[in-house]
file query.csv (CSV, C-alpha atoms)
chain,number,residue,atom,x,y,z
A,1,ARG,CA,75.6,33.5,103.7
A,2,TYR,CA,75.7,37.3,104.2
A,3,ILE,CA,76.0,38.9,107.6
A,4,ASP,CA,76.2,42.6,107.6
A,5,GLU,CA,76.6,42.4,103.8
A,6,LYS,CA,79.8,40.6,104.1
A,7,ASN,CA,80.7,37.2,102.7
A,8,ILE,CA,81.4,34.5,105.2
A,9,HIS,CA,83.5,31.5,104.1
A,10,ILE,CA,82.8,28.3,106.1
A,11,ASP,CA,84.7,25.0,105.8
A,12,PHE,CA,82.3,22.1,106.6
A,13,THR,CA,83.4,18.6,107.7
A,14,ALA,CA,80.9,15.8,107.8
A,15,THR,CA,81.4,12.6,109.8
A,16,VAL,CA,79.1,9.5,109.5
A,17,LEU,CA,77.7,8.3,112.9
A,18,ASN,CA,77.5,4.5,113.0
A,19,GLU,CA,75.6,2.4,115.5
A,20,ASN,CA,75.5,-1.4,115.2
A,21,GLU,CA,77.1,-1.1,111.8
A,22,SER,CA,74.3,1.1,110.5
A,23,VAL,CA,74.3,4.7,109.7
A,24,ASN,CA,72.7,6.5,112.5
A,25,GLY,CA,73.4,10.1,111.4
A,26,PHE,CA,76.0,12.7,110.5
A,27,LEU,CA,78.1,15.0,112.6
A,28,ILE,CA,78.7,18.2,110.7
A,29,ILE,CA,81.2,20.7,111.9
A,30,GLY,CA,81.5,24.2,110.3
A,31,ARG,CA,84.6,26.3,110.7
A,32,ASN,CA,84.8,30.0,109.8
A,33,ILE,CA,87.7,30.4,107.4
A,34,SER,CA,86.9,33.9,106.2
A,35,GLU,CA,90.2,35.4,107.6
A,36,LEU,CA,92.2,32.5,106.2
A,37,SER,CA,90.5,32.9,102.8
A,38,GLU,CA,91.1,36.6,102.7
A,39,THR,CA,94.8,36.1,103.7
A,40,LEU,CA,95.2,33.6,100.9
A,41,ASN,CA,93.6,35.9,98.4
A,42,GLN,CA,95.9,38.8,99.5
A,43,LEU,CA,98.9,36.4,99.3
A,44,ILE,CA,98.0,35.5,95.7
A,45,LYS,CA,97.5,39.1,94.8
A,46,SER,CA,100.7,40.0,96.5
A,47,LYS,CA,102.6,37.4,94.6
A,48,GLU,CA,101.1,38.5,91.3
A,49,LYS,CA,102.0,42.2,92.2
A,50,TYR,CA,105.5,41.2,93.2
A,51,LYS,CA,106.0,39.2,90.0
A,52,PHE,CA,104.7,42.2,87.9
A,53,ILE,CA,107.1,44.6,89.7
A,54,THR,CA,110.1,42.3,89.5
A,55,ASP,CA,109.5,41.6,85.8
A,56,ASN,CA,109.1,45.2,84.8
A,57,ILE,CA,111.5,47.4,86.9
A,58,ASN,CA,114.9,48.2,85.7
A,59,ASP,CA,116.6,47.4,89.0
A,60,VAL,CA,117.6,43.8,89.6
A,61,ILE,CA,116.1,42.1,92.6
A,62,TRP,CA,117.9,39.0,93.9
A,63,THR,CA,118.0,36.7,96.9
A,64,HIS,CA,120.7,34.3,98.0
A,65,ASN,CA,120.3,31.3,100.3
A,66,HIS,CA,122.1,31.0,103.6
A,67,ASP,CA,124.9,29.1,101.8
A,68,HIS,CA,125.2,32.0,99.4
A,69,SER,CA,123.8,30.2,96.4
A,70,LEU,CA,121.5,32.2,94.1
A,71,ASN,CA,117.9,31.6,94.9
A,72,PHE,CA,116.1,34.2,92.8
A,73,VAL,CA,116.9,36.9,90.3
A,74,SER,CA,114.3,39.1,88.6
A,75,ALA,CA,113.7,39.1,84.8
A,76,SER,CA,115.1,42.6,84.7
A,77,ILE,CA,118.6,41.0,84.7
A,78,PHE,CA,118.2,40.7,80.9
A,79,ARG,CA,117.4,44.4,80.4
A,80,GLN,CA,120.2,45.5,82.7
A,81,ARG,CA,123.0,43.2,81.6
A,82,GLY,CA,121.8,41.1,78.7
A,83,PHE,CA,121.7,37.7,80.5
A,84,THR,CA,118.7,35.4,80.8
A,85,ILE,CA,117.7,34.2,84.2
A,86,GLU,CA,119.0,30.7,83.4
A,87,GLU,CA,122.4,32.0,82.1
A,88,PHE,CA,122.8,34.2,85.2
A,89,LYS,CA,122.1,31.5,87.7
A,90,ASN,CA,124.9,29.4,86.4
A,91,MET,CA,127.6,32.1,86.5
A,92,SER,CA,130.3,32.6,89.1
A,93,LEU,CA,131.3,35.9,90.7
A,94,ASN,CA,134.3,36.3,88.3
A,95,GLU,CA,131.9,35.9,85.3
A,96,ILE,CA,129.4,38.6,86.4
A,97,MET,CA,131.8,41.3,87.7
A,98,THR,CA,135.4,42.6,87.4
A,99,ILE,CA,138.1,40.9,89.4
A,100,ASP,CA,138.4,43.8,91.9
A,101,SER,CA,134.7,43.9,92.5
A,102,ALA,CA,134.5,40.1,92.8
A,103,ASN,CA,137.3,40.1,95.4
A,104,GLN,CA,135.5,42.9,97.3
A,105,LEU,CA,132.2,41.0,97.4
A,106,GLN,CA,134.0,37.7,98.3
A,107,GLU,CA,135.5,39.5,101.3
A,108,ILE,CA,132.1,40.6,102.4
A,109,ILE,CA,130.8,37.1,102.1
A,110,ASP,CA,133.7,35.5,103.9
A,111,ASN,CA,133.5,38.0,106.8
A,112,LYS,CA,129.7,37.7,106.9
A,113,ALA,CA,129.6,41.5,107.1
A,114,TYR,CA,126.0,41.5,105.8
A,115,LEU,CA,124.8,40.1,109.2
A,116,ASN,CA,125.4,43.4,110.8
A,117,TYR,CA,122.8,45.2,108.6
A,118,SER,CA,119.0,45.3,108.4
A,119,LYS,CA,116.1,46.3,106.2
A,120,ASP,CA,116.1,49.8,107.8
A,121,LYS,CA,119.9,50.0,107.5
A,122,PRO,CA,121.0,47.9,104.5
A,123,LEU,CA,124.5,47.2,103.4
A,124,VAL,CA,125.4,49.4,100.5
A,125,PHE,CA,128.2,48.6,98.1
A,126,SER,CA,129.3,49.6,94.6
A,127,SER,CA,130.6,47.2,92.0
A,128,GLU,CA,131.7,47.0,88.4
A,129,TYR,CA,129.6,44.4,86.6
A,130,LEU,CA,130.3,42.7,83.3
A,131,LYS,CA,127.5,42.9,80.7
A,132,LYS,CA,126.9,40.2,78.1
A,133,ASP,CA,128.2,42.6,75.3
A,134,GLY,CA,131.5,42.9,77.2
A,135,SER,CA,131.0,46.4,78.4
A,136,ILE,CA,131.1,47.4,82.1
A,137,MET,CA,128.1,48.5,84.2
A,138,TYR,CA,128.6,50.5,87.4
A,139,GLY,CA,126.1,49.1,89.9
A,140,GLU,CA,125.0,50.1,93.4
A,141,SER,CA,123.6,47.4,95.6
A,142,TYR,CA,121.5,47.4,98.7
A,143,ALA,CA,121.3,44.2,100.7
A,144,TYR,CA,120.2,42.9,104.1
A,145,PRO,CA,119.8,39.5,105.8
A,146,ILE,CA,116.5,37.8,106.4
A,147,PHE,CA,116.0,35.8,109.6
A,148,GLU,CA,113.3,33.3,110.5
A,149,ASN,CA,112.9,32.4,114.2
A,150,GLY,CA,116.2,34.1,114.9
A,151,LYS,CA,118.1,32.0,112.4
A,152,PHE,CA,119.8,33.5,109.3
A,153,ARG,CA,117.9,32.2,106.2
A,154,SER,CA,118.8,34.3,103.2
A,155,ILE,CA,120.0,37.6,101.8
A,156,PHE,CA,117.7,40.0,100.0
A,157,GLY,CA,119.2,42.6,97.6
A,158,ILE,CA,118.5,45.2,94.9
A,159,THR,CA,121.1,46.3,92.3
A,160,ARG,CA,120.6,49.4,90.2
A,161,ASP,CA,122.5,50.7,87.2
A,162,VAL,CA,124.3,53.9,88.1
A,163,THR,CA,126.7,54.0,85.1
A,164,ASP,CA,125.4,57.3,83.9
A,165,ARG,CA,125.7,58.8,87.4
A,166,VAL,CA,129.3,57.6,87.7
A,167,LYS,CA,130.2,59.0,84.3
A,168,TYR,CA,128.7,62.4,85.2
A,169,LEU,CA,130.4,62.4,88.6
A,170,ASN,CA,133.7,61.5,86.9
A,171,GLN,CA,133.2,64.4,84.5
A,172,ILE,CA,132.4,66.7,87.3
A,173,GLU,CA,135.4,65.6,89.2
A,174,GLN,CA,137.6,66.1,86.2
A,175,GLN,CA,136.1,69.6,85.5
A,176,ASN,CA,136.5,70.5,89.2
A,177,SER,CA,140.2,69.4,89.1
A,178,GLU,CA,140.8,71.4,86.0
A,179,LEU,CA,138.9,74.4,87.5
A,180,GLU,CA,141.0,74.1,90.7
A,181,THR,CA,144.2,74.1,88.6
A,182,ILE,CA,143.1,77.2,86.8
A,183,LEU,CA,141.9,79.0,90.0
A,184,ASN,CA,145.2,78.3,91.8
A,185,ASN,CA,147.4,79.3,88.9
A,186,THR,CA,146.1,82.8,88.5
A,187,ASP,CA,147.3,85.9,90.3
A,188,GLU,CA,143.7,86.9,91.0
A,189,GLN,CA,141.8,86.3,94.2
A,190,ILE,CA,138.6,84.4,93.4
A,191,ILE,CA,135.9,84.1,96.1
A,192,SER,CA,132.3,82.9,96.0
A,193,LEU,CA,129.7,83.9,98.7
A,194,ASN,CA,126.2,82.9,99.5
A,195,ARG,CA,123.4,85.5,99.9
A,196,ASN,CA,124.4,86.1,103.5
A,197,PHE,CA,127.9,87.2,102.3
A,198,GLU,CA,129.5,84.0,103.9
A,199,TYR,CA,132.4,82.3,102.3
A,200,VAL,CA,131.5,79.2,100.2
A,201,THR,CA,134.8,78.7,98.3
A,202,MET,CA,138.0,80.6,97.6
A,203,ASN,CA,141.2,79.9,95.8
A,204,ASP,CA,144.7,79.7,97.4
A,205,VAL,CA,145.5,83.3,96.3
A,206,ALA,CA,142.5,84.7,98.3
A,207,ARG,CA,143.3,82.4,101.3
A,208,ASN,CA,146.9,83.4,101.4
A,209,PHE,CA,146.1,87.1,101.1
A,210,ILE,CA,143.8,86.9,104.2
A,211,ILE,CA,146.4,85.0,106.2
A,212,GLU,CA,149.2,87.4,105.2
A,213,ASN,CA,147.3,90.6,105.9
A,214,TYR,CA,145.0,89.6,108.8
A,215,ASN,CA,147.1,86.8,110.5
A,216,ARG,CA,144.2,84.4,110.5
A,217,GLU,CA,142.9,81.4,108.5
A,218,PRO,CA,139.6,82.2,106.7
A,219,LYS,CA,136.8,79.8,107.5
A,220,ILE,CA,134.1,78.6,105.1
A,221,GLY,CA,130.8,79.9,106.5
A,222,GLU,CA,132.2,83.1,108.1
A,223,SER,CA,131.2,86.5,106.8
A,224,ILE,CA,133.6,88.3,104.4
A,225,LEU,CA,132.7,91.5,106.2
A,226,ASN,CA,134.9,90.4,109.2
A,227,ASN,CA,137.9,91.2,107.1
A,228,MET,CA,136.9,94.7,106.1
A,229,SER,CA,137.7,98.2,107.4
A,230,ILE,CA,134.7,100.4,108.1
A,231,ALA,CA,135.2,102.4,104.9
A,232,ASN,CA,135.5,99.4,102.7
A,233,LYS,CA,132.8,97.5,104.6
A,234,ASN,CA,130.3,100.3,103.7
A,235,LYS,CA,131.4,100.2,100.0
A,236,ILE,CA,131.2,96.4,99.7
A,237,GLN,CA,127.8,96.3,101.3
A,238,LEU,CA,126.6,98.7,98.6
A,239,ALA,CA,128.2,96.4,96.0
A,240,PHE,CA,126.4,93.4,97.5
A,241,ARG,CA,123.0,95.1,97.4
A,242,LYS,CA,123.5,95.8,93.7
A,243,VAL,CA,124.8,92.3,92.9
A,244,LEU,CA,121.9,90.6,94.7
A,245,LYS,CA,119.6,92.6,92.3
A,246,GLY,CA,121.4,90.9,89.4
A,247,GLU,CA,123.8,93.8,88.6
A,248,ASN,CA,127.5,93.7,88.1
A,249,PHE,CA,129.7,96.0,90.2
A,250,HIS,CA,133.3,97.3,89.9
A,251,TYR,CA,135.4,99.1,92.4
A,252,VAL,CA,139.0,99.7,93.3
A,253,PHE,CA,139.7,99.3,97.0
A,254,ARG,CA,142.6,100.9,98.7
A,255,PHE,CA,144.3,98.7,101.3
A,256,PRO,CA,147.1,99.9,103.6
A,257,LYS,CA,150.2,97.7,103.6
A,258,GLY,CA,153.4,98.9,105.3
A,259,ASP,CA,154.3,102.4,104.2
A,260,ARG,CA,152.2,102.5,101.1
A,261,MET,CA,148.7,101.8,99.8
A,262,GLU,CA,147.7,98.7,97.9
A,263,TYR,CA,145.1,99.0,95.1
A,264,LEU,CA,142.7,96.0,94.7
A,265,ASP,CA,140.7,96.0,91.5
A,266,SER,CA,137.5,94.2,92.5
A,267,ARG,CA,134.7,92.9,90.2
A,268,PHE,CA,131.5,91.6,91.7
A,269,ARG,CA,129.2,89.2,89.7
A,270,PRO,CA,125.9,87.6,90.6
A,271,ILE,CA,125.6,83.8,90.5
A,272,PHE,CA,122.4,82.8,88.8
A,273,ILE,CA,120.5,79.5,89.3
A,274,ASN,CA,117.1,79.1,87.6
A,275,ASN,CA,117.1,82.9,86.9
A,276,GLU,CA,117.5,83.7,90.6
A,277,VAL,CA,120.6,85.2,92.3
A,278,PHE,CA,122.0,82.3,94.3
A,279,GLY,CA,125.3,84.0,95.4
A,280,ILE,CA,128.1,86.3,94.6
A,281,SER,CA,131.4,85.8,92.8
A,282,ILE,CA,134.3,88.2,93.5
A,283,PHE,CA,137.4,88.6,91.3
A,284,ILE,CA,140.2,90.7,92.9
A,285,LYS,CA,143.4,91.6,91.2
A,286,ASN,CA,146.2,93.6,92.8
A,287,ILE,CA,146.9,96.5,90.5
A,288,SER,CA,149.2,98.4,92.8
A,289,GLU,CA,152.3,98.0,90.6
A,290,ASN,CA,150.3,99.3,87.6
A,291,ILE,CA,149.0,102.3,89.6
A,292,TYR,CA,152.4,103.2,90.9
A,293,THR,CA,153.9,102.8,87.4
A,294,GLN,CA,151.3,105.1,86.0
A,295,ILE,CA,152.0,107.6,88.8
A,296,ALA,CA,155.8,107.4,88.2
A,297,LEU,CA,155.2,107.8,84.4
A,298,LYS,CA,153.0,110.9,85.0
A,299,GLU,CA,155.6,112.4,87.3
A,300,ASN,CA,158.3,111.8,84.7
A,301,GLU,CA,156.2,113.3,82.0
A,302,GLN,CA,155.6,116.4,84.2
A,303,ARG,CA,159.3,116.6,85.0
A,304,LEU,CA,160.3,116.3,81.3
A,305,LYS,CA,157.8,119.0,80.4
A,306,ARG,CA,159.2,121.4,83.0
A,307,ILE,CA,162.8,120.7,81.8
A,308,THR,CA,162.0,121.0,78.1
A,309,GLU,CA,159.9,124.1,78.6
A,310,SER,CA,162.8,125.9,80.3
A,311,ALA,CA,165.6,124.6,78.1
A,312,LEU,CA,167.2,126.5,75.2
A,313,GLU,CA,167.0,123.4,73.0
A,314,GLY,CA,163.8,122.3,71.3
A,315,VAL,CA,162.6,118.8,72.2
A,316,TRP,CA,160.4,116.4,70.2
A,317,GLU,CA,159.4,112.8,70.9
A,318,TYR,CA,157.5,110.4,68.7
A,319,SER,CA,156.0,107.2,70.0
A,320,ILE,CA,155.8,104.6,67.3
A,321,LYS,CA,153.7,102.3,69.4
A,322,ASN,CA,151.0,104.9,70.2
A,323,ASN,CA,151.6,107.0,67.0
A,324,LYS,CA,151.9,110.1,69.3
A,325,LEU,CA,154.0,113.2,68.8
A,326,TYR,CA,155.2,115.5,71.5
A,327,LEU,CA,156.7,119.0,70.6
A,328,SER,CA,158.1,121.3,73.2
A,329,SER,CA,157.1,125.0,73.1
A,330,ARG,CA,160.8,125.9,72.5
A,331,LEU,CA,160.9,123.6,69.4
A,332,ARG,CA,157.7,125.1,68.1
A,333,GLU,CA,159.3,128.6,68.5
A,334,LEU,CA,162.6,127.5,66.8
A,335,VAL,CA,161.0,126.1,63.7
A,336,GLY,CA,158.0,128.5,63.6
A,337,TYR,CA,155.4,125.7,63.9
A,338,ASP,CA,152.0,126.5,65.5
A,339,GLY,CA,150.0,123.5,64.3
A,340,GLY,CA,148.8,120.4,66.1
A,341,ASN,CA,150.5,117.2,67.3
A,342,SER,CA,149.6,115.3,64.2
A,343,ILE,CA,152.7,113.5,62.8
A,344,SER,CA,151.5,113.9,59.2
A,345,GLU,CA,150.8,117.6,59.7
A,346,PHE,CA,154.2,118.3,61.3
A,347,SER,CA,156.0,116.2,58.6
A,348,GLN,CA,154.4,118.3,55.9
A,349,TYR,CA,155.4,121.5,57.6
A,350,ILE,CA,159.0,120.4,58.1
A,351,LYS,CA,159.2,119.4,54.4
A,352,SER,CA,158.0,122.9,53.4
A,353,VAL,CA,160.7,124.7,55.4
A,354,MET,CA,163.6,122.4,54.4
A,355,ASN,CA,165.3,122.0,51.0
A,356,THR,CA,164.8,118.6,49.4
A,357,ASP,CA,168.3,117.3,50.1
A,358,SER,CA,168.1,118.1,53.8
A,359,TYR,CA,164.6,116.6,54.1
A,360,ASN,CA,165.7,113.3,52.3
A,361,GLU,CA,168.8,113.1,54.5
A,362,LEU,CA,166.6,113.6,57.6
A,363,LEU,CA,164.3,110.7,56.6
A,364,SER,CA,167.2,108.4,55.7
A,365,THR,CA,168.8,109.1,59.1
A,366,ILE,CA,165.6,108.4,61.0
A,367,ASN,CA,165.0,105.2,59.1
A,368,ASP,CA,168.6,104.1,59.8
A,369,HIS,CA,168.0,104.9,63.5
A,370,LEU,CA,164.8,102.8,63.6
A,371,GLU,CA,166.4,99.8,61.8
A,372,LYS,CA,169.7,99.7,63.8
A,373,ASN,CA,168.3,101.2,67.1
A,374,LYS,CA,171.1,103.7,67.4
A,375,ASP,CA,171.3,107.3,68.4
A,376,PHE,CA,172.0,109.9,65.7
A,377,GLU,CA,173.0,113.6,65.4
A,378,LEU,CA,172.2,115.6,62.3
A,379,THR,CA,172.5,119.2,61.4
A,380,VAL,CA,169.9,120.5,58.9
A,381,LYS,CA,169.0,123.9,57.5
A,382,ILE,CA,165.4,125.3,57.7
A,383,LYS,CA,163.9,128.4,56.4
call {"tool": "encode", "arguments": {"input": "query.csv", "output": "structure tokens"}}
result
Amino acid sequence: RYIDEKNIHIDFTATVLNENESVNGFLIIGRNISELSETLNQLIKSKEKYKFITDNINDVIWTHNHDHSLNFVSASIFRQRGFTIEEFKNMSLNEIMTIDSANQLQEIIDNKAYLNYSKDKPLVFSSEYLKKDGSIMYGESYAYPIFENGKFRSIFGITRDVTDRVKYLNQIEQQNSELETILNNTDEQIISLNRNFEYVTMNDVARNFIIENYNREPKIGESILNNMSIANKNKIQLAFRKVLKGENFHYVFRFPKGDRMEYLDSRFRPIFINNEVFGISIFIKNISENIYTQIALKENEQRLKRITESALEGVWEYSIKNNKLYLSSRLRELVGYDGGNSISEFSQYIKSVMNTDSYNELLSTINDHLEKNKDFELTVKIK
């Protein structure tokens, strides 16, 4: 029948009516079973869908009875670990996973820890599983108990292969460990910031510098600008604006410490993710000793120049490392040389104003000086 264009399923029961041992009629009762029929159809479809899913997904679906015996395991167990369903059902814990993982799972079973979890908040545990080929699979399982009428009936679980993820995480951990070793064995401060100029990470050199000079422990998430003088704050904000546009920036900051200034060579680099500036890396090296050494060297050079210019003796100096020649004005006057500071040009001139024997003696003495690293004194005649 059709009512409102819908199928109606009716179950009929007929009963014979007897009177004086003769059939007097029939009692026919009709019962609408449309909802029951629809429910059965949905259940059949659901079972077919469930079987299709469990047979084709890579994760392994399993259920255990209340006595912890295996009730069901999906066909994906073969793809995941190489065992057939029949083989797997007859295996013990020690045959399907490593000893440590088996002991861990056995402890969960003995303590019935799974009873404290639910479908919304499943028990999650990681294990090392043995595959049929002898290799180890890292698995992550989600499990929760199933109750019927308030009584514990079974455990439903899903186990997925996370071997690749574990390997990648181990590689990342190893790389991070190596990176941390490198970062903490350099004399440079290394700091990374987000786009809001807040600390994300820093090495021990940077952390110790802030503690030593500002008497405070730097906190991840606070602004680096909190540790800046007004002058340096303005400069670093300029640097940040350039770096956030994808540009590199270099600047030497002056930092007062005690009775002298410290010089911090600072390099700012953008951190790119998917071609967008995600943050800022800062590399800071204390170059104070280099600066003060250069200043002292320059002062010595100036002092030497003043002395040699006013002395009666001529002074010359030759740097083998830099191949540079220095001639005092007095020396130039004494030997009559008005050329440049080229060593070859000066050598040719000296050769022209000395006799051959004196020139050869000079070369021999200089070579002996270089080989034996000793002072020498030599008198020569020049024109």
call {"tool": "closest_residue", "arguments": {"input": "query.csv", "among": "A:Leu244, A:Val73, A:Ile190, A:Ile155", "to": "Asp59 in chain A", "atoms": "only C-alpha atoms"}}
result
A:Val73
call {"tool": "residues_near_point", "arguments": {"input": "query.csv", "point": "(133.4, 94.4, 91.5)", "cutoff": "7 Å", "atoms": "all atoms listed in the file", "output": "PyMOL selection string"}}
result
chain A and resi 248-251+266-269+282
call {"tool": "atom_distance", "arguments": {"input": "query.csv", "atom1": "CA of Ala113 in chain A", "atom2": "CA of Lys151 in chain A"}}
result
15.8 Å
call {"tool": "residues_around", "arguments": {"input": "query.csv", "residues": "Lys89 in chain A", "least_positions_apart": "6", "cutoff": "9 Å", "atoms": "all atoms listed in the file", "output": "ChimeraX atom specification"}}
result
/A:69-73
call {"tool": "atom_distance", "arguments": {"input": "query.csv", "atom1": "CA of Ile366 in chain A", "atom2": "CA of Arg303 in chain A"}}
result
26.1 Å
call {"tool": "residues_around", "arguments": {"input": "query.csv", "residues": "Ser192 in chain A", "least_positions_apart": "3", "cutoff": "8 Å", "atoms": "all atoms listed in the file", "output": "CSV table (one decimal) with C-alpha atoms, in the coordinates of the input"}}
result
chain,number,residue,atom,x,y,z
A,199,TYR,CA,132.4,82.3,102.3
A,200,VAL,CA,131.5,79.2,100.2
A,201,THR,CA,134.8,78.7,98.3
A,202,MET,CA,138.0,80.6,97.6
A,279,GLY,CA,125.3,84.0,95.4
A,280,ILE,CA,128.1,86.3,94.6
A,281,SER,CA,131.4,85.8,92.8
A,282,ILE,CA,134.3,88.2,93.5
call {"tool": "atom_distance", "arguments": {"input": "query.csv", "atom1": "CA of Gln294 in chain A", "atom2": "CA of Met261 in chain A"}}
result
14.4 Å
call {"tool": "residues_around", "arguments": {"input": "query.csv", "residues": "range 213-229 of chain A", "least_positions_apart": "6", "cutoff": "10 Å", "atoms": "only C-alpha atoms", "output": "number ranges by chain"}}
result
A: 191, 193-194, 196-202, 206-207, 235-237, 255-257
